[in-house]
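Participant: What follows is model-v5.cif; its format and atoms are mmCIF, C-alpha atoms and all ligand atoms.
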data_query
loop_
_atom_site.group_PDB
_atom_site.id
_atom_site.type_symbol
_atom_site.label_atom_id
_atom_site.label_comp_id
_atom_site.auth_asym_id
_atom_site.auth_seq_id
_atom_site.Cartn_x
_atom_site.Cartn_y
_atom_site.Cartn_z
ATOM 1 C CA MET C 1 -82.426 71.774 -56.950
ATOM 2 C CA GLU C 2 -85.007 72.473 -59.698
ATOM 3 C CA PRO C 3 -85.279 76.165 -60.585
ATOM 4 C CA LEU C 4 -88.450 77.671 -59.165
ATOM 5 C CA ILE C 5 -91.170 78.334 -61.712
ATOM 6 C CA PRO C 6 -92.396 81.828 -60.905
ATOM 7 C CA ARG C 7 -96.009 81.849 -59.860
ATOM 8 C CA ASP C 8 -97.959 85.022 -60.350
ATOM 9 C CA ARG C 9 -99.885 87.126 -57.903
ATOM 10 C CA ALA C 10 -103.579 86.580 -58.622
ATOM 11 C CA GLN C 11 -106.945 87.909 -57.578
ATOM 12 C CA ILE C 12 -108.964 84.749 -57.016
ATOM 13 C CA ALA C 13 -112.224 86.601 -56.323
ATOM 14 C CA PRO C 14 -113.033 90.234 -55.476
ATOM 15 C CA GLY C 15 -111.112 90.923 -52.236
ATOM 16 C CA ALA C 16 -109.276 87.572 -52.317
ATOM 17 C CA VAL C 17 -105.629 87.790 -53.357
ATOM 18 C CA HIS C 18 -102.905 85.155 -53.588
ATOM 19 C CA VAL C 19 -99.324 86.427 -53.330
ATOM 20 C CA PRO C 20 -96.881 83.549 -53.979
ATOM 21 C CA ASP C 21 -93.492 83.422 -52.236
ATOM 22 C CA TRP C 22 -94.264 86.411 -50.052
ATOM 23 C CA LEU C 23 -92.337 85.347 -46.939
ATOM 24 C CA SER C 24 -88.575 85.036 -47.244
ATOM 25 C CA PRO C 25 -86.959 81.773 -46.090
ATOM 26 C CA ALA C 26 -85.586 83.617 -43.031
ATOM 27 C CA GLU C 27 -89.057 84.918 -42.115
ATOM 28 C CA GLN C 28 -90.545 81.456 -42.517
ATOM 29 C CA HIS C 29 -87.874 80.062 -40.238
ATOM 30 C CA ALA C 30 -88.504 82.751 -37.605
ATOM 31 C CA ILE C 31 -92.262 82.073 -37.712
ATOM 32 C CA VAL C 32 -91.700 78.324 -37.318
ATOM 33 C CA ILE C 33 -89.613 79.008 -34.191
ATOM 34 C CA ALA C 34 -92.335 81.294 -32.771
ATOM 35 C CA CYS C 35 -95.061 78.719 -33.514
ATOM 36 C CA ARG C 36 -93.046 75.958 -31.878
ATOM 37 C CA ASP C 37 -92.758 78.123 -28.788
ATOM 38 C CA TRP C 38 -96.529 78.863 -28.731
ATOM 39 C CA ALA C 39 -97.326 75.181 -29.271
ATOM 40 C CA THR C 40 -95.623 74.240 -26.012
ATOM 41 C CA GLY C 41 -97.726 76.457 -23.778
ATOM 42 C CA PRO C 42 -99.158 77.889 -21.680
ATOM 43 C CA VAL C 43 -101.931 76.533 -23.930
ATOM 44 C CA PRO C 44 -100.951 73.301 -25.675
ATOM 45 C CA MET C 45 -101.522 72.744 -29.368
ATOM 46 C CA ARG C 46 -104.546 70.474 -29.649
ATOM 47 C CA ALA C 47 -107.107 69.074 -32.085
ATOM 48 C CA ALA C 48 -110.241 71.085 -31.318
ATOM 49 C CA ARG C 49 -113.406 69.162 -30.600
ATOM 50 C CA LEU C 50 -116.414 69.965 -32.777
ATOM 51 C CA PRO C 51 -119.892 70.308 -31.223
ATOM 52 C CA GLY C 52 -120.783 66.829 -32.583
ATOM 53 C CA GLY C 53 -117.957 65.338 -30.478
ATOM 54 C CA GLN C 54 -115.450 64.504 -33.196
ATOM 55 C CA ARG C 55 -112.027 66.146 -33.239
ATOM 56 C CA MET C 56 -110.684 68.255 -36.090
ATOM 57 C CA SER C 57 -107.810 66.617 -37.965
ATOM 58 C CA VAL C 58 -105.617 69.742 -37.758
ATOM 59 C CA ARG C 59 -103.971 70.684 -34.469
ATOM 60 C CA THR C 60 -104.336 74.296 -33.422
ATOM 61 C CA VAL C 61 -102.837 76.777 -31.004
ATOM 62 C CA CYS C 62 -103.861 80.432 -30.807
ATOM 63 C CA VAL C 63 -102.362 83.742 -29.806
ATOM 64 C CA GLY C 64 -104.320 86.787 -28.641
ATOM 65 C CA TRP C 65 -107.670 85.021 -28.314
ATOM 66 C CA HIS C 66 -108.280 81.298 -28.005
ATOM 67 C CA TRP C 67 -110.625 79.856 -30.606
ATOM 68 C CA GLN C 68 -112.740 76.812 -30.040
ATOM 69 C CA PRO C 69 -115.655 75.846 -32.255
ATOM 70 C CA TYR C 70 -117.284 78.354 -32.466
ATOM 71 C CA ARG C 71 -116.181 81.202 -30.195
ATOM 72 C CA TYR C 72 -113.227 83.170 -28.882
ATOM 73 C CA THR C 73 -112.184 83.388 -25.240
ATOM 74 C CA ARG C 74 -109.126 84.745 -23.409
ATOM 75 C CA THR C 75 -108.634 81.439 -21.606
ATOM 76 C CA ALA C 76 -108.392 78.045 -23.277
ATOM 77 C CA ASP C 77 -111.425 76.547 -21.590
ATOM 78 C CA ASP C 78 -111.276 73.362 -23.690
ATOM 79 C CA ALA C 79 -107.496 72.936 -23.386
ATOM 80 C CA GLY C 80 -106.318 73.235 -19.802
ATOM 81 C CA GLY C 81 -107.792 76.643 -18.979
ATOM 82 C CA ALA C 82 -104.623 78.773 -19.219
ATOM 83 C CA ARG C 83 -104.710 82.293 -20.618
ATOM 84 C CA VAL C 84 -103.496 82.563 -24.203
ATOM 85 C CA VAL C 85 -100.301 84.489 -24.908
ATOM 86 C CA PRO C 86 -100.731 88.126 -26.004
ATOM 87 C CA PHE C 87 -100.778 88.909 -29.704
ATOM 88 C CA PRO C 88 -97.242 90.130 -30.465
ATOM 89 C CA ASP C 89 -96.528 93.511 -32.075
ATOM 90 C CA TRP C 90 -94.318 91.927 -34.732
ATOM 91 C CA LEU C 91 -97.296 89.901 -35.919
ATOM 92 C CA VAL C 92 -99.427 93.062 -36.169
ATOM 93 C CA ARG C 93 -96.675 94.621 -38.314
ATOM 94 C CA LEU C 94 -96.525 91.490 -40.472
ATOM 95 C CA GLY C 95 -100.312 91.588 -40.896
ATOM 96 C CA ARG C 96 -100.141 95.209 -42.056
ATOM 97 C CA ARG C 97 -97.370 94.415 -44.535
ATOM 98 C CA ALA C 98 -99.449 91.508 -45.810
ATOM 99 C CA LEU C 99 -102.442 93.749 -46.377
ATOM 100 C CA THR C 100 -100.305 96.258 -48.268
ATOM 101 C CA ALA C 101 -98.932 93.452 -50.442
ATOM 102 C CA ALA C 102 -102.406 92.152 -51.194
ATOM 103 C CA TYR C 103 -104.408 95.341 -51.665
ATOM 104 C CA ASP C 104 -101.760 98.005 -52.295
ATOM 105 C CA ASP C 105 -103.545 100.371 -49.895
ATOM 106 C CA PRO C 106 -100.977 101.372 -47.236
ATOM 107 C CA VAL C 107 -103.395 103.696 -45.430
ATOM 108 C CA ALA C 108 -106.001 100.977 -44.910
ATOM 109 C CA ALA C 109 -103.203 98.541 -44.034
ATOM 110 C CA SER C 110 -101.865 100.883 -41.330
ATOM 111 C CA ARG C 111 -105.245 100.655 -39.546
ATOM 112 C CA TYR C 112 -105.345 96.853 -39.681
ATOM 113 C CA THR C 113 -104.829 95.524 -36.149
ATOM 114 C CA PRO C 114 -105.271 91.758 -35.945
ATOM 115 C CA ASP C 115 -105.781 90.541 -32.376
ATOM 116 C CA THR C 116 -105.898 86.784 -32.852
ATOM 117 C CA ALA C 117 -104.038 84.205 -34.892
ATOM 118 C CA LEU C 118 -104.931 80.558 -35.306
ATOM 119 C CA ILE C 119 -101.904 78.403 -35.974
ATOM 120 C CA ASN C 120 -102.919 75.133 -37.598
ATOM 121 C CA HIS C 121 -100.596 72.194 -38.138
ATOM 122 C CA TYR C 122 -101.527 69.645 -40.806
ATOM 123 C CA ASP C 123 -99.957 66.210 -40.681
ATOM 124 C CA ASP C 124 -100.112 64.102 -43.859
ATOM 125 C CA GLN C 125 -103.725 63.040 -43.213
ATOM 126 C CA ALA C 126 -105.136 66.324 -41.993
ATOM 127 C CA ARG C 127 -107.746 68.225 -43.986
ATOM 128 C CA MET C 128 -110.054 71.135 -43.388
ATOM 129 C CA GLY C 129 -113.638 71.059 -44.605
ATOM 130 C CA MET C 130 -115.329 73.978 -46.314
ATOM 131 C CA HIS C 131 -116.317 76.587 -43.740
ATOM 132 C CA GLN C 132 -116.707 80.331 -43.221
ATOM 133 C CA ASP C 133 -114.635 82.332 -40.727
ATOM 134 C CA LYS C 134 -117.576 84.030 -39.055
ATOM 135 C CA ASP C 135 -116.950 83.899 -35.316
ATOM 136 C CA GLU C 136 -115.410 87.386 -35.435
ATOM 137 C CA LYS C 137 -117.692 90.326 -34.674
ATOM 138 C CA VAL C 138 -116.179 92.489 -37.398
ATOM 139 C CA ARG C 139 -115.410 91.781 -41.013
ATOM 140 C CA GLU C 140 -111.798 92.928 -41.344
ATOM 141 C CA PRO C 141 -109.731 90.819 -43.794
ATOM 142 C CA VAL C 142 -108.194 87.480 -42.885
ATOM 143 C CA VAL C 143 -104.447 87.187 -43.555
ATOM 144 C CA SER C 144 -103.271 83.629 -44.182
ATOM 145 C CA LEU C 145 -99.628 82.490 -44.267
ATOM 146 C CA SER C 146 -98.481 79.036 -45.317
ATOM 147 C CA ILE C 147 -95.251 77.282 -44.340
ATOM 148 C CA GLY C 148 -94.068 73.735 -45.047
ATOM 149 C CA ASP C 149 -95.829 71.259 -47.322
ATOM 150 C CA ALA C 150 -97.837 72.620 -50.229
ATOM 151 C CA CYS C 151 -101.603 72.156 -50.237
ATOM 152 C CA VAL C 152 -104.733 72.662 -52.276
ATOM 153 C CA PHE C 153 -106.612 75.617 -50.830
ATOM 154 C CA ARG C 154 -110.208 75.601 -52.027
ATOM 155 C CA PHE C 155 -111.687 79.069 -52.157
ATOM 156 C CA GLY C 156 -115.407 79.168 -52.782
ATOM 157 C CA ASN C 157 -118.382 81.473 -52.697
ATOM 158 C CA THR C 158 -120.279 83.138 -49.868
ATOM 159 C CA GLU C 159 -123.500 81.164 -50.318
ATOM 160 C CA THR C 160 -122.711 77.452 -50.303
ATOM 161 C CA ARG C 161 -119.973 74.957 -49.439
ATOM 162 C CA THR C 162 -120.102 73.685 -52.991
ATOM 163 C CA LYS C 163 -119.175 74.963 -56.457
ATOM 164 C CA PRO C 164 -118.316 77.422 -57.769
ATOM 165 C CA TYR C 165 -114.886 77.390 -56.148
ATOM 166 C CA THR C 166 -111.280 77.817 -57.220
ATOM 167 C CA ASP C 167 -108.504 75.445 -56.191
ATOM 168 C CA VAL C 168 -105.266 77.313 -55.495
ATOM 169 C CA GLU C 169 -101.975 75.595 -54.696
ATOM 170 C CA LEU C 170 -100.467 77.246 -51.640
ATOM 171 C CA HIS C 171 -96.736 76.735 -51.195
ATOM 172 C CA SER C 172 -94.413 77.535 -48.348
ATOM 173 C CA GLY C 173 -94.081 81.302 -48.016
ATOM 174 C CA ASP C 174 -97.342 82.110 -49.800
ATOM 175 C CA LEU C 175 -99.731 84.786 -48.606
ATOM 176 C CA PHE C 176 -103.483 84.658 -49.145
ATOM 177 C CA VAL C 177 -105.731 87.522 -48.021
ATOM 178 C CA PHE C 178 -109.511 87.514 -48.139
ATOM 179 C CA GLY C 179 -111.649 90.471 -47.230
ATOM 180 C CA GLY C 180 -114.345 92.752 -48.614
ATOM 181 C CA PRO C 181 -116.889 90.805 -50.690
ATOM 182 C CA SER C 182 -114.914 87.581 -50.128
ATOM 183 C CA ARG C 183 -114.610 87.869 -46.356
ATOM 184 C CA LEU C 184 -117.301 85.267 -45.719
ATOM 185 C CA ALA C 185 -116.413 82.963 -48.602
ATOM 186 C CA TYR C 186 -116.391 79.263 -47.775
ATOM 187 C CA HIS C 187 -112.903 77.818 -47.922
ATOM 188 C CA GLY C 188 -111.040 74.662 -46.967
ATOM 189 C CA VAL C 189 -108.023 72.447 -47.490
ATOM 190 C CA PRO C 190 -108.948 69.146 -49.185
ATOM 191 C CA LYS C 191 -105.363 67.965 -49.700
ATOM 192 C CA THR C 192 -101.766 68.540 -48.712
ATOM 193 C CA PHE C 193 -98.689 67.305 -50.595
ATOM 194 C CA PRO C 194 -96.586 65.484 -47.994
ATOM 195 C CA GLY C 195 -92.852 65.788 -48.333
ATOM 196 C CA THR C 196 -92.866 68.921 -50.494
ATOM 197 C CA ALA C 197 -91.557 71.262 -47.789
ATOM 198 C CA ASP C 198 -88.084 72.710 -47.821
ATOM 199 C CA PRO C 199 -86.427 71.560 -44.565
ATOM 200 C CA ALA C 200 -84.744 74.987 -44.354
ATOM 201 C CA THR C 201 -87.977 76.384 -42.852
ATOM 202 C CA GLY C 202 -87.181 74.354 -39.724
ATOM 203 C CA LEU C 203 -90.563 72.601 -39.856
ATOM 204 C CA LYS C 204 -89.868 68.893 -39.517
ATOM 205 C CA SER C 205 -92.974 67.719 -41.354
ATOM 206 C CA GLY C 206 -96.409 68.734 -42.471
ATOM 207 C CA ARG C 207 -97.886 72.131 -43.117
ATOM 208 C CA LEU C 208 -98.307 75.178 -40.908
ATOM 209 C CA ASN C 209 -100.975 77.767 -41.567
ATOM 210 C CA ILE C 210 -101.309 80.999 -39.656
ATOM 211 C CA THR C 211 -104.485 83.039 -40.050
ATOM 212 C CA MET C 212 -104.617 86.479 -38.508
ATOM 213 C CA ARG C 213 -108.012 87.990 -37.814
ATOM 214 C CA VAL C 214 -109.638 90.894 -36.012
ATOM 215 C CA THR C 215 -112.138 89.547 -33.466
ATOM 216 C CA GLY C 216 -113.857 92.855 -32.653
ATOM 217 C CA LEU C 217 -113.936 91.689 -28.991
ATOM 218 C CA ASP C 218 -112.746 93.707 -25.952
HETATM 219 O O1 LIG Y 301 -104.967 76.059 -43.717
HETATM 220 C C1 LIG Y 301 -105.450 76.922 -44.408
HETATM 221 O O2 LIG Y 301 -104.885 77.385 -45.412
HETATM 222 C C2 LIG Y 301 -106.836 77.439 -44.087
HETATM 223 C C3 LIG Y 301 -107.099 77.506 -42.601
HETATM 224 C C4 LIG Y 301 -108.490 77.917 -42.310
HETATM 225 O O3 LIG Y 301 -109.340 77.886 -43.151
HETATM 226 C C5 LIG Y 301 -108.855 78.360 -40.971
HETATM 227 O O4 LIG Y 301 -108.023 78.354 -40.050
HETATM 228 O O5 LIG Y 301 -110.024 78.753 -40.799
#
Just give me the structure as structure tokens.
Ligand SMILES: O=C(O)CCC(=O)C(=O)O
Facilitator:
Amino acid sequence: MEPLIPRDRAQIAPGAVHVPDWLSPAEQHAIVIACRDWATGPVPMRAARLPGGQRMSVRTVCVGWHWQPYRYTRTADDAGGARVVPFPDWLVRLGRRALTAAYDDPVAASRYTPDTALINHYDDQARMGMHQDKDEKVREPVVSLSIGDACVFRFGNTETRTKPYTDVELHSGDLFVFGGPSRLAYHGVPKTFPGTADPATGLKSGRLNITMRVTGLD
């Protein structure tokens, strides 16, 4: 195997931090197992339907709160109607560790309590257009974990879907956190790199992305 070229931690914009190789291979494997379990129910993983009628190309399952464009509910009203599984404590702890790694502020991190996670699976054709994560009622940071195939993650500005933006390669195990002045930055995934994943993660193909958020809902 080729030796890994170290990639450096980088602030992409104020409040937006990329931490390469943050998850260990064992953690990635454990997360893949958990995601596989969530994907089988009680709410099935599905391609969400946009208000215009077309389906997203990624397939998504949620924990804590169910997201459908563009709201959160406790039951998956567009996917069989079951109640979503509770947000697990281990994922809260992982979110807090992620915030510490990104911002180096353990006190703020200890207060971070994500209550939803969207788990997206990208097959080789899947993409995600530029969008803002703005269905949450509060503006706590978003913690994003990547597993499987590498991708181009496009991180833009808070005003428009277009330039200026920065293209960041996210690899398996990478952490990306965006909060503060970057919390409402447009972002998307224009491209994945099929076949780049290490099979040791347990993911058979494609790319998995987990974003943890705080909904601010009761
Ligand atoms: O897949 C990614 O890295 C980004 C996912 C995303 O933007 C989202 O779930 O809102």
Participant: Using only C-alpha atoms and all ligand atoms, which residue out of C:Asp133, C:Asp123, C:Asp104, C:Asp174 lies closest to ligand LIG 301 (chain Y)?
Facilitator: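 Using only C-alpha atoms and all ligand atoms, ligand LIG 301 (chain Y) sits closest to C:Asp133.
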Participant: When the PyMOL selection byres (((chain C and resi 94) around 12) and not hetatm) is applied to the file above, which residues end up in the set, as a JSON list (two decimals) with C-alpha atoms, in the frame of the given file?
Facilitator:
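Output contents, as saved in selection_12.json:
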[["chain", "number", "residue", "atom", "x", "y", "z"],
["C", 22, "TRP", "CA", -94.26, 86.41, -50.05],
["C", 23, "LEU", "CA", -92.34, 85.35, -46.94],
["C", 27, "GLU", "CA", -89.06, 84.92, -42.12],
["C", 28, "GLN", "CA", -90.54, 81.46, -42.52],
["C", 31, "ILE", "CA", -92.26, 82.07, -37.71],
["C", 87, "PHE", "CA", -100.78, 88.91, -29.70],
["C", 88, "PRO", "CA", -97.24, 90.13, -30.46],
["C", 89, "ASP", "CA", -96.53, 93.51, -32.08],
["C", 90, "TRP", "CA", -94.32, 91.93, -34.73],
["C", 91, "LEU", "CA", -97.30, 89.90, -35.92],
["C", 92, "VAL", "CA", -99.43, 93.06, -36.17],
["C", 93, "ARG", "CA", -96.68, 94.62, -38.31],
["C", 95, "GLY", "CA", -100.31, 91.59, -40.90],
["C", 96, "ARG", "CA", -100.14, 95.21, -42.06],
["C", 97, "ARG", "CA", -97.37, 94.42, -44.54],
["C", 98, "ALA", "CA", -99.45, 91.51, -45.81],
["C", 99, "LEU", "CA", -102.44, 93.75, -46.38],
["C", 100, "THR", "CA", -100.30, 96.26, -48.27],
["C", 101, "ALA", "CA", -98.93, 93.45, -50.44],
["C", 109, "ALA", "CA", -103.20, 98.54, -44.03],
["C", 110, "SER", "CA", -101.86, 100.88, -41.33],
["C", 112, "TYR", "CA", -105.34, 96.85, -39.68],
["C", 113, "THR", "CA", -104.83, 95.52, -36.15],
["C", 114, "PRO", "CA", -105.27, 91.76, -35.94],
["C", 117, "ALA", "CA", -104.04, 84.20, -34.89],
["C", 143, "VAL", "CA", -104.45, 87.19, -43.56],
["C", 144, "SER", "CA", -103.27, 83.63, -44.18],
["C", 145, "LEU", "CA", -99.63, 82.49, -44.27],
["C", 175, "LEU", "CA", -99.73, 84.79, -48.61],
["C", 210, "ILE", "CA", -101.31, 81.00, -39.66],
["C", 211, "THR", "CA", -104.48, 83.04, -40.05],
["C", 212, "MET", "CA", -104.62, 86.48, -38.51]]
Participant: Identify the residues around (-119.7, 69.5, -46.3) within a radius of 12 Å, measuring from only C-alpha atoms in the coordinates stated by the file, and give them as a PDB file with C-alpha atoms, keeping the file's coordinate frame.
Facilitator:
ATOM      1  CA  MET C 128    -110.054  71.135 -43.388  1.00  0.00           C
ATOM      2  CA  GLY C 129    -113.638  71.059 -44.605  1.00  0.00           C
ATOM      3  CA  MET C 130    -115.329  73.978 -46.314  1.00  0.00           C
ATOM      4  CA  HIS C 131    -116.317  76.587 -43.740  1.00  0.00           C
ATOM      5  CA  GLN C 132    -116.707  80.331 -43.221  1.00  0.00           C
ATOM      6  CA  THR C 160    -122.711  77.452 -50.303  1.00  0.00           C
ATOM      7  CA  ARG C 161    -119.973  74.957 -49.439  1.00  0.00           C
ATOM      8  CA  THR C 162    -120.102  73.685 -52.991  1.00  0.00           C
ATOM      9  CA  LYS C 163    -119.175  74.963 -56.457  1.00  0.00           C
ATOM     10  CA  TYR C 186    -116.391  79.263 -47.775  1.00  0.00           C
ATOM     11  CA  HIS C 187    -112.903  77.818 -47.922  1.00  0.00           C
ATOM     12  CA  GLY C 188    -111.040  74.662 -46.967  1.00  0.00           C
ATOM     13  CA  PRO C 190    -108.948  69.146 -49.185  1.00  0.00           C
TER      14      PRO C 190
END
Participant: Would you write out, as an mmCIF file with C-alpha atoms, keeping the file's coordinate frame, every residue that the PyMOL selection byres (((chain C and resi 18) around 8) and not hetatm) captures in this file?
Facilitator:
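Heads up, here's the output in part.cif:
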data_model
loop_
_atom_site.group_PDB
_atom_site.id
_atom_site.type_symbol
_atom_site.label_atom_id
_atom_site.label_comp_id
_atom_site.auth_asym_id
_atom_site.auth_seq_id
_atom_site.Cartn_x
_atom_site.Cartn_y
_atom_site.Cartn_z
ATOM 1 C CA ARG C 9 -99.885 87.126 -57.903
ATOM 2 C CA ALA C 10 -103.579 86.580 -58.622
ATOM 3 C CA GLN C 11 -106.945 87.909 -57.578
ATOM 4 C CA ILE C 12 -108.964 84.749 -57.016
ATOM 5 C CA ALA C 16 -109.276 87.572 -52.317
ATOM 6 C CA VAL C 17 -105.629 87.790 -53.357
ATOM 7 C CA VAL C 19 -99.324 86.427 -53.330
ATOM 8 C CA PRO C 20 -96.881 83.549 -53.979
ATOM 9 C CA ALA C 102 -102.406 92.152 -51.194
ATOM 10 C CA ASP C 174 -97.342 82.110 -49.800
ATOM 11 C CA LEU C 175 -99.731 84.786 -48.606
ATOM 12 C CA PHE C 176 -103.483 84.658 -49.145
ATOM 13 C CA VAL C 177 -105.731 87.522 -48.021
#
Participant: Which residue is closest to ligand LIG 301 (chain Y)? Choose from C:Leu118, C:Cys35, C:Leu217, C:Ala108 and count only C-alpha atoms and all ligand atoms.
Facilitator: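 Looking only at the distances to ligand LIG 301 (chain Y), the closest residue turns out to be C:Leu118.
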Participant: Tell me which of C:Arg183, C:Arg207, C:Arg49, C:Arg71 sits closest to ligand LIG 301 (chain Y), counting only C-alpha atoms and all ligand atoms.
Facilitator: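 Under the stated criterion, the closest residue is C:Arg207.
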Participant: Which residue out of C:Tyr103, C:Trp67, C:Tyr72, C:Tyr165 has the minimum interatomic distance to ligand LIG 301 (chain Y) when all atoms listed in the file are used?
Facilitator: C:Trp67
Participant: Quick one, how far is atom CA of C:Val168 from atom CA of C:Phe155?
Facilitator: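 About the pair atom CA of C:Val168 and atom CA of C:Phe155: they are 7.4 Å apart.
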Participant: Find, counting all atoms listed in the file, the residue in C:Val142, C:Val85, C:Met45, C:Val107 that gets nearest to C:Val58.
Facilitator: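 Result for the nearest residue to C:Val58: C:Met45.
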Participant: Grab stretch 150-190 of chain C from that structure and dump C-alpha atoms to a file, as a tab-separated table (two decimals), in the first residue's frame.
Facilitator:
chain	number	residue	atom	x	y	z
C	150	ALA	CA	-13.30	10.27	-1.06
C	151	CYS	CA	-15.22	13.24	-2.42
C	152	VAL	CA	-14.96	16.89	-3.32
C	153	PHE	CA	-16.73	18.89	-0.63
C	154	ARG	CA	-17.49	22.39	-1.88
C	155	PHE	CA	-17.64	24.91	0.92
C	156	GLY	CA	-18.93	28.31	-0.09
C	157	ASN	CA	-20.17	31.57	1.33
C	158	THR	CA	-23.30	32.54	3.23
C	159	GLU	CA	-24.79	34.71	0.48
C	160	THR	CA	-24.92	32.72	-2.75
C	161	ARG	CA	-24.65	29.19	-4.13
C	162	THR	CA	-21.84	30.35	-6.37
C	163	LYS	CA	-18.23	31.51	-5.97
C	164	PRO	CA	-16.34	32.23	-3.87
C	165	TYR	CA	-16.03	28.67	-2.58
C	166	THR	CA	-13.27	26.28	-1.61
C	167	ASP	CA	-13.10	22.69	-2.82
C	168	VAL	CA	-11.83	20.36	-0.09
C	169	GLU	CA	-11.11	16.67	-0.63
C	170	LEU	CA	-12.76	14.71	2.15
C	171	HIS	CA	-11.36	11.23	2.73
C	172	SER	CA	-12.53	8.37	4.87
C	173	GLY	CA	-12.13	9.29	8.53
C	174	ASP	CA	-12.11	13.05	7.96
C	175	LEU	CA	-13.96	15.49	10.19
C	176	PHE	CA	-15.37	18.79	8.99
C	177	VAL	CA	-17.06	21.21	11.41
C	178	PHE	CA	-18.84	24.40	10.43
C	179	GLY	CA	-20.27	26.84	12.91
C	180	GLY	CA	-20.11	30.49	13.94
C	181	PRO	CA	-19.86	32.80	10.91
C	182	SER	CA	-19.81	29.76	8.58
C	183	ARG	CA	-22.85	28.01	10.02
C	184	LEU	CA	-25.09	29.05	7.14
C	185	ALA	CA	-22.49	28.72	4.39
C	186	TYR	CA	-23.70	27.03	1.22
C	187	HIS	CA	-22.04	23.68	0.70
C	188	GLY	CA	-22.37	20.60	-1.48
C	189	VAL	CA	-20.73	17.52	-2.94
C	190	PRO	CA	-20.19	17.83	-6.71
